[in-house]
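Data block below; observations after.
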Amino acid sequence: MGKFEIQSVPPTVKPKREENGCATICAHSTCKSVHYNSLENGLRNLTFAHRVIEEESDQSAIPSGMEVLTNQVAGHVIDGTSGFGMLKKDGLVFKPLLKKDCAEREVKLYERLEASVDRSLIEMRRLVPKYHGTQKLQIKGKEIDFLILEDLTRDFKEPCIMDVKIGRRTWDPHTAPYDKIVSEERKYQACKRDLGFCVPGFQVYKLGDQQPLKFDKEYGKRLDKDTVREAMKLFLNASRGRCCRPLLMQFLAALWQIQHFARAQRRLRLYSTSILLVYDARRLREHHFEPIDNKPTLIRHRSLYRPLSLAQLNNCCAEERVPTGFSGQQTSDGPILKAPNRIVHMDSLRQAPTNRNAWQKSIHALKRTHSFQNDYDKDVQHKKDNYNLILDDLCCETKSEVWATAKMIDFAHVYTSDSADADKNYLEGVNNLIKMFEDFLAETDES
Ligand SMILES: O=P(O)(O)O[C@@H]1[C@@H](OP(=O)(O)O)[C@H](OP(=O)(O)O)[C@H](O)[C@H](OP(=O)(O)O)[C@H]1OP(=O)(O)O
Ligand SMILES: Nc1ncnc2c1ncn2[C@@H]1O[C@H](COP(=O)(O)OP(=O)(O)O)[C@@H](O)[C@H]1O
C-alpha cells in the first residue's frame, strides 16, 4: 500500500484562464496534473490546490496483515522516515500512541466511557468511534502501543473525510512551555478567532474522480471564515454552490447530537479534539443521477430557528429520505431529537438490487440522437461508471441507510472539570460548525 505525499501549491500560483472563462488552478508543475476548476464549483477564493502522489511505504515496517490508513487526513506519523501514522485491519484503525501523557489521557477517556454510568458520558459513548482496547505492535524493532478504534470509513467506496478541530483555544491547562501556547495561538488564527474551529486536513473524491484530492494542514492554516465555507463546500461536493440535501441532513443529525451532549455535559474540558466528518462520495453520486433542477424544491418563508416539520426537512423522494433523529420541532435552543422509535429489521435495510435512477438515466441516454453537442466519449465513460455502481450494488447484500456521519475523535488533551459550567470553548465551535451546515441547508431552499 502506498503512502500519500501532499504537496502545496503556493498561493502565488496564478490561475490559468481558459477560453471558457473558468480558472483552472494547477498543481505543482513537476507533478502529474491534478487540478480542479474552481469557478465551475463556485469556489472563487481557494487560492491554492494540493495534490497527492502515491509513494511506496516501507512495507517491512508494517506488521503483517495490516495496511497503512491512507485515508488519514491529519494527525501524527510514527517517525519522519517511515512516514505513516495510523494502520488498519479488519474494519478497525490502529492509532499509534506516541506521547505518554497524551496516550494516557486518551485511553483513560475511552475506558471511562465504556464503564461510566454518568448520563452525559453514556451519551458521549455513542458519539465516538467504538473502542476496541489497545495493542502493542512491533514497528522497526520498536514496540509501540496502539489505540484500536472502529474504522469510520470502513464501508465507504470513495471516503471523503474532514478533520475539524474544535475550539478557539487548542492548548490545554498543562501546556508548557509558554512558546507552545504562543505557537498554538498563531496557528489557524483567523478561522479559530472567527469561528472557534479550524480544518487541519481533508480529502474529497470529486464526483466521478478515481483519486481523492487531499488538503493538508498548511492549506487549513490559511483559511479564514469565508474561505473555510468554500473549502467545506468543496468537501461536500457542492454543485453550483449548492450542497446535496440528504448529505447535509445526515451531517446535521450527527452534529445536533454532539451539540446536545456539549450543552448538557459539565464533566469534561475538550481541548484540541476534532469532529471527523465522513461520507461516501459513491453514495452521493446516486443522489446526483437526477438533475438537481428537477427536484421538488421547498419554498421556505421562515428561519430554521422556527418550528419546521420533519416532513418539510425531508422534502424529497422516498429513496432520499434519511433517518435524522430530528423530531420535527425546533426551539430557540436548537432541534429536539428523538430516540429511534422502531426496531430496524435487516430486511428493511436491504435495498432493491438495482438502482432505478441509474437504469432510467442510461435508457434515457440511449434514446438521444447524435448531434455535435453530444459528447459520446463522456457519455460512454459516464455509463460505464453507472454500470460499475450497479454491479457493486448487486454484489453488495446490504447497503447502510446512513452514508455520512460526524464523530468526536482525538482526546489527547481532554481534562476533567469541577466547574458547573458547560465547556464554552467546545460548544462555541460546535455551534458555529452547525450554523454553517444550517446555512448550506437553507441555501438548498432558495430558488
Ligand atoms: O508533531 P508536529 O511537529 O507536527 O506538531 C504538532 C502540531 O502540528 P503543527 O504545529 O501544525 O505542525 C499539531 O498541530 P495541528 O494538528 O496542526 O493543530 C498539534 O499541535 C500537535 O500537538 P498535540 O499532539 O495535539 O499535542 C503537535 O505535536 P507536538 O509538537 O506537540 O508533538
Ligand atoms: N476512527 C477512525 N476512523 C477512521 N479514520 C480515523 C479514525 N480516527 C482517526 N482517523 C484519521 O486519523 C486522523 C488523525 O486522528 P487523531 O486521533 O486526530 O490523531 P492525532 O492525535 O495524531 O492528531 C484523522 O484526521 C482521521 O483522518
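Chain identifiers are assigned as A, B, and so on, following the order in which chains appear in the C-alpha cells; residues are numbered from 1 within each chain, and ligands are numbered from 1 in order of appearance.
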Identify, counting only C-alpha atoms and all ligand atoms, the protein, DNA and RNA residues located within 9 Å of ligand 1, and give them as a ChimeraX atom specification. /A:74-77,98-99,102,165,170-172,175,180,183-184,187-188,198-201,217-218,220-221,271-273,410,412-413
At most 7 Å is the cut-off: for each residue in chain A with any atom that close to an atom of ligand 2, write down the nearest atom pair and the distance in Å rounded to one decimal, counting only C-alpha atoms and all ligand atoms, chain first then increasing number, as JSON lines.
{"residue": "A:Asn71", "atom": "CA", "partner": "ligand 2", "partner_atom_place_in_ligand_line": "27 (O)", "distance": 5.8}
{"residue": "A:Gln72", "atom": "CA", "partner": "ligand 2", "partner_atom_place_in_ligand_line": "27 (O)", "distance": 3.4}
{"residue": "A:Val73", "atom": "CA", "partner": "ligand 2", "partner_atom_place_in_ligand_line": "27 (O)", "distance": 3.9}
{"residue": "A:Ala74", "atom": "CA", "partner": "ligand 2", "partner_atom_place_in_ligand_line": "25 (O)", "distance": 4.0}
{"residue": "A:Gly75", "atom": "CA", "partner": "ligand 2", "partner_atom_place_in_ligand_line": "23 (O)", "distance": 3.2}
{"residue": "A:His76", "atom": "CA", "partner": "ligand 2", "partner_atom_place_in_ligand_line": "22 (O)", "distance": 3.8}
{"residue": "A:Met86", "atom": "CA", "partner": "ligand 2", "partner_atom_place_in_ligand_line": "12 (O)", "distance": 6.4}
{"residue": "A:Val93", "atom": "CA", "partner": "ligand 2", "partner_atom_place_in_ligand_line": "3 (N)", "distance": 6.0}
{"residue": "A:Lys95", "atom": "CA", "partner": "ligand 2", "partner_atom_place_in_ligand_line": "19 (O)", "distance": 6.9}
{"residue": "A:Pro129", "atom": "CA", "partner": "ligand 2", "partner_atom_place_in_ligand_line": "1 (N)", "distance": 5.1}
{"residue": "A:Leu149", "atom": "CA", "partner": "ligand 2", "partner_atom_place_in_ligand_line": "1 (N)", "distance": 5.2}
{"residue": "A:Glu150", "atom": "CA", "partner": "ligand 2", "partner_atom_place_in_ligand_line": "1 (N)", "distance": 5.1}
{"residue": "A:Asp151", "atom": "CA", "partner": "ligand 2", "partner_atom_place_in_ligand_line": "3 (N)", "distance": 3.7}
{"residue": "A:Leu152", "atom": "CA", "partner": "ligand 2", "partner_atom_place_in_ligand_line": "3 (N)", "distance": 3.9}
{"residue": "A:Thr153", "atom": "CA", "partner": "ligand 2", "partner_atom_place_in_ligand_line": "4 (C)", "distance": 5.5}
{"residue": "A:Ile161", "atom": "CA", "partner": "ligand 2", "partner_atom_place_in_ligand_line": "27 (O)", "distance": 6.5}
{"residue": "A:Met162", "atom": "CA", "partner": "ligand 2", "partner_atom_place_in_ligand_line": "25 (O)", "distance": 6.9}
{"residue": "A:Asp163", "atom": "CA", "partner": "ligand 2", "partner_atom_place_in_ligand_line": "25 (O)", "distance": 4.7}
{"residue": "A:Gly201", "atom": "CA", "partner": "ligand 2", "partner_atom_place_in_ligand_line": "25 (O)", "distance": 6.8}
{"residue": "A:Ser274", "atom": "CA", "partner": "ligand 2", "partner_atom_place_in_ligand_line": "18 (O)", "distance": 6.4}
{"residue": "A:Leu276", "atom": "CA", "partner": "ligand 2", "partner_atom_place_in_ligand_line": "25 (O)", "distance": 6.6}
{"residue": "A:Ile409", "atom": "CA", "partner": "ligand 2", "partner_atom_place_in_ligand_line": "17 (O)", "distance": 5.5}
{"residue": "A:Asp410", "atom": "CA", "partner": "ligand 2", "partner_atom_place_in_ligand_line": "17 (O)", "distance": 3.8}
{"residue": "A:Ala412", "atom": "CA", "partner": "ligand 2", "partner_atom_place_in_ligand_line": "21 (O)", "distance": 6.4}
N, CA and C atoms of the current selection, written as a PDB file, in the first residue's frame:
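What follows is the written file out.pdb:
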ATOM      1  N   ASN A  71      -6.241   6.820   4.270  1.00  0.00           N
ATOM      2  CA  ASN A  71      -7.304   7.818   4.433  1.00  0.00           C
ATOM      3  C   ASN A  71      -7.049   8.804   5.553  1.00  0.00           C
ATOM      4  N   GLN A  72      -5.972   8.664   6.267  1.00  0.00           N
ATOM      5  CA  GLN A  72      -5.703   9.586   7.377  1.00  0.00           C
ATOM      6  C   GLN A  72      -5.492  10.988   6.812  1.00  0.00           C
ATOM      7  N   VAL A  73      -6.250  11.951   7.300  1.00  0.00           N
ATOM      8  CA  VAL A  73      -6.159  13.302   6.726  1.00  0.00           C
ATOM      9  C   VAL A  73      -5.434  14.290   7.628  1.00  0.00           C
ATOM     10  N   ALA A  74      -5.159  13.907   8.865  1.00  0.00           N
ATOM     11  CA  ALA A  74      -4.456  14.815   9.784  1.00  0.00           C
ATOM     12  C   ALA A  74      -3.776  13.960  10.846  1.00  0.00           C
ATOM     13  N   GLY A  75      -3.101  14.615  11.767  1.00  0.00           N
ATOM     14  CA  GLY A  75      -2.511  13.884  12.895  1.00  0.00           C
ATOM     15  C   GLY A  75      -1.080  13.444  12.665  1.00  0.00           C
ATOM     16  N   HIS A  76      -0.612  12.680  13.632  1.00  0.00           N
ATOM     17  CA  HIS A  76       0.816  12.357  13.691  1.00  0.00           C
ATOM     18  C   HIS A  76       1.224  11.170  12.822  1.00  0.00           C
ATOM     19  N   MET A  86      -1.522   6.075  11.217  1.00  0.00           N
ATOM     20  CA  MET A  86      -2.493   5.060  11.606  1.00  0.00           C
ATOM     21  C   MET A  86      -2.401   3.845  10.660  1.00  0.00           C
ATOM     22  N   VAL A  93      -9.186   0.723  13.006  1.00  0.00           N
ATOM     23  CA  VAL A  93      -7.986   1.535  12.798  1.00  0.00           C
ATOM     24  C   VAL A  93      -7.124   1.465  14.052  1.00  0.00           C
ATOM     25  N   LYS A  95      -4.301   3.513  16.091  1.00  0.00           N
ATOM     26  CA  LYS A  95      -3.659   4.825  16.230  1.00  0.00           C
ATOM     27  C   LYS A  95      -2.429   4.692  17.124  1.00  0.00           C
ATOM     28  N   PRO A 129     -15.995   6.897  17.900  1.00  0.00           N
ATOM     29  CA  PRO A 129     -15.843   5.579  17.276  1.00  0.00           C
ATOM     30  C   PRO A 129     -15.821   4.493  18.349  1.00  0.00           C
ATOM     31  N   LEU A 149      -9.660   1.445  17.280  1.00  0.00           N
ATOM     32  CA  LEU A 149     -10.998   2.036  17.143  1.00  0.00           C
ATOM     33  C   LEU A 149     -11.689   1.492  15.895  1.00  0.00           C
ATOM     34  N   GLU A 150     -12.992   1.588  15.904  1.00  0.00           N
ATOM     35  CA  GLU A 150     -13.785   1.293  14.706  1.00  0.00           C
ATOM     36  C   GLU A 150     -13.333   2.220  13.575  1.00  0.00           C
ATOM     37  N   ASP A 151     -13.174   1.667  12.365  1.00  0.00           N
ATOM     38  CA  ASP A 151     -12.831   2.499  11.206  1.00  0.00           C
ATOM     39  C   ASP A 151     -14.115   3.155  10.697  1.00  0.00           C
ATOM     40  N   LEU A 152     -14.206   4.450  10.845  1.00  0.00           N
ATOM     41  CA  LEU A 152     -15.446   5.154  10.491  1.00  0.00           C
ATOM     42  C   LEU A 152     -15.713   5.149   8.990  1.00  0.00           C
ATOM     43  N   THR A 153     -14.704   4.801   8.210  1.00  0.00           N
ATOM     44  CA  THR A 153     -14.880   4.825   6.756  1.00  0.00           C
ATOM     45  C   THR A 153     -14.917   3.405   6.185  1.00  0.00           C
ATOM     46  N   ILE A 161     -13.329  12.703   3.853  1.00  0.00           N
ATOM     47  CA  ILE A 161     -13.067  12.826   5.291  1.00  0.00           C
ATOM     48  C   ILE A 161     -12.557  14.219   5.591  1.00  0.00           C
ATOM     49  N   MET A 162     -13.158  14.855   6.573  1.00  0.00           N
ATOM     50  CA  MET A 162     -12.620  16.155   7.005  1.00  0.00           C
ATOM     51  C   MET A 162     -12.429  16.139   8.516  1.00  0.00           C
ATOM     52  N   ASP A 163     -11.242  16.580   8.937  1.00  0.00           N
ATOM     53  CA  ASP A 163     -10.925  16.693  10.355  1.00  0.00           C
ATOM     54  C   ASP A 163     -11.160  18.151  10.744  1.00  0.00           C
ATOM     55  N   GLY A 201      -7.098  19.189   8.018  1.00  0.00           N
ATOM     56  CA  GLY A 201      -6.929  18.384   6.805  1.00  0.00           C
ATOM     57  C   GLY A 201      -8.224  17.785   6.319  1.00  0.00           C
ATOM     58  N   SER A 274     -11.229  16.779  17.827  1.00  0.00           N
ATOM     59  CA  SER A 274     -11.758  17.027  16.474  1.00  0.00           C
ATOM     60  C   SER A 274     -13.128  16.399  16.315  1.00  0.00           C
ATOM     61  N   LEU A 276     -14.746  14.405  13.262  1.00  0.00           N
ATOM     62  CA  LEU A 276     -14.414  13.827  11.961  1.00  0.00           C
ATOM     63  C   LEU A 276     -15.700  13.711  11.142  1.00  0.00           C
ATOM     64  N   ILE A 409     -13.469  12.760  17.847  1.00  0.00           N
ATOM     65  CA  ILE A 409     -12.229  11.963  17.964  1.00  0.00           C
ATOM     66  C   ILE A 409     -11.127  12.791  18.637  1.00  0.00           C
ATOM     67  N   ASP A 410     -10.032  12.132  18.937  1.00  0.00           N
ATOM     68  CA  ASP A 410      -8.780  12.716  19.425  1.00  0.00           C
ATOM     69  C   ASP A 410      -8.934  13.383  20.803  1.00  0.00           C
ATOM     70  N   ALA A 412      -6.567  13.503  23.260  1.00  0.00           N
ATOM     71  CA  ALA A 412      -5.244  13.591  23.892  1.00  0.00           C
ATOM     72  C   ALA A 412      -5.150  14.760  24.872  1.00  0.00           C
TER      73      ALA A 412
END
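One finds CA of Phe440 (chain A) at 15.4 Å from CA of Leu277 (chain A).
Note that CA of Gly83 (chain A) and CA of Asp145 (chain A) are 17.0 Å apart.
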Can you list, as a PyMOL selection string, all residues belonging to region 177-220 of chain A that DSSP tags as strand (DSSP E or B)? chain A and resi 197-204+213-215
Counting only C-alpha atoms, which residue out of A:Gln211, A:Gln59, A:Gln257, A:Asn431 sits closest to Lys157 (chain A)?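 That would be A:Gln211, the residue with the smallest distance to Lys157 (chain A).
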Which neighbours of region 108-115 of chain A fall inside 7 Å, counting only C-alpha atoms, when residues of the same chain fewer than 6 positions from it are skipped, and could you give them as a list in words?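 Result of the neighbour search: Leu121, Ile122, Arg125 and Tyr131 of chain A.
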What's the separation between CA of Leu147 (chain A) and CA of Ile275 (chain A), in Å to one decimal place?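 For CA of Leu147 (chain A) relative to CA of Ile275 (chain A), the distance reads 17.7 Å.
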For Gln138 (chain A), please output as a ChimeraX atom specification all residues within 10 Å (counting only C-alpha atoms; exclusion window: fewer than 3 positions along the same chain). /A:61-63,141-145
Nearby residues (only C-alpha atoms) at most 8 Å from Val204 (chain A), same-chain spacing under 4 positions excluded, as a VMD selection string: chain A and resid 159 to 161 212 to 214 234 to 237 281
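With distances restricted to only C-alpha atoms, A:Ile148 is the closest residue to Val107 (chain A) from A:Leu92, A:Ile148, A:Ile139, A:Cys243.
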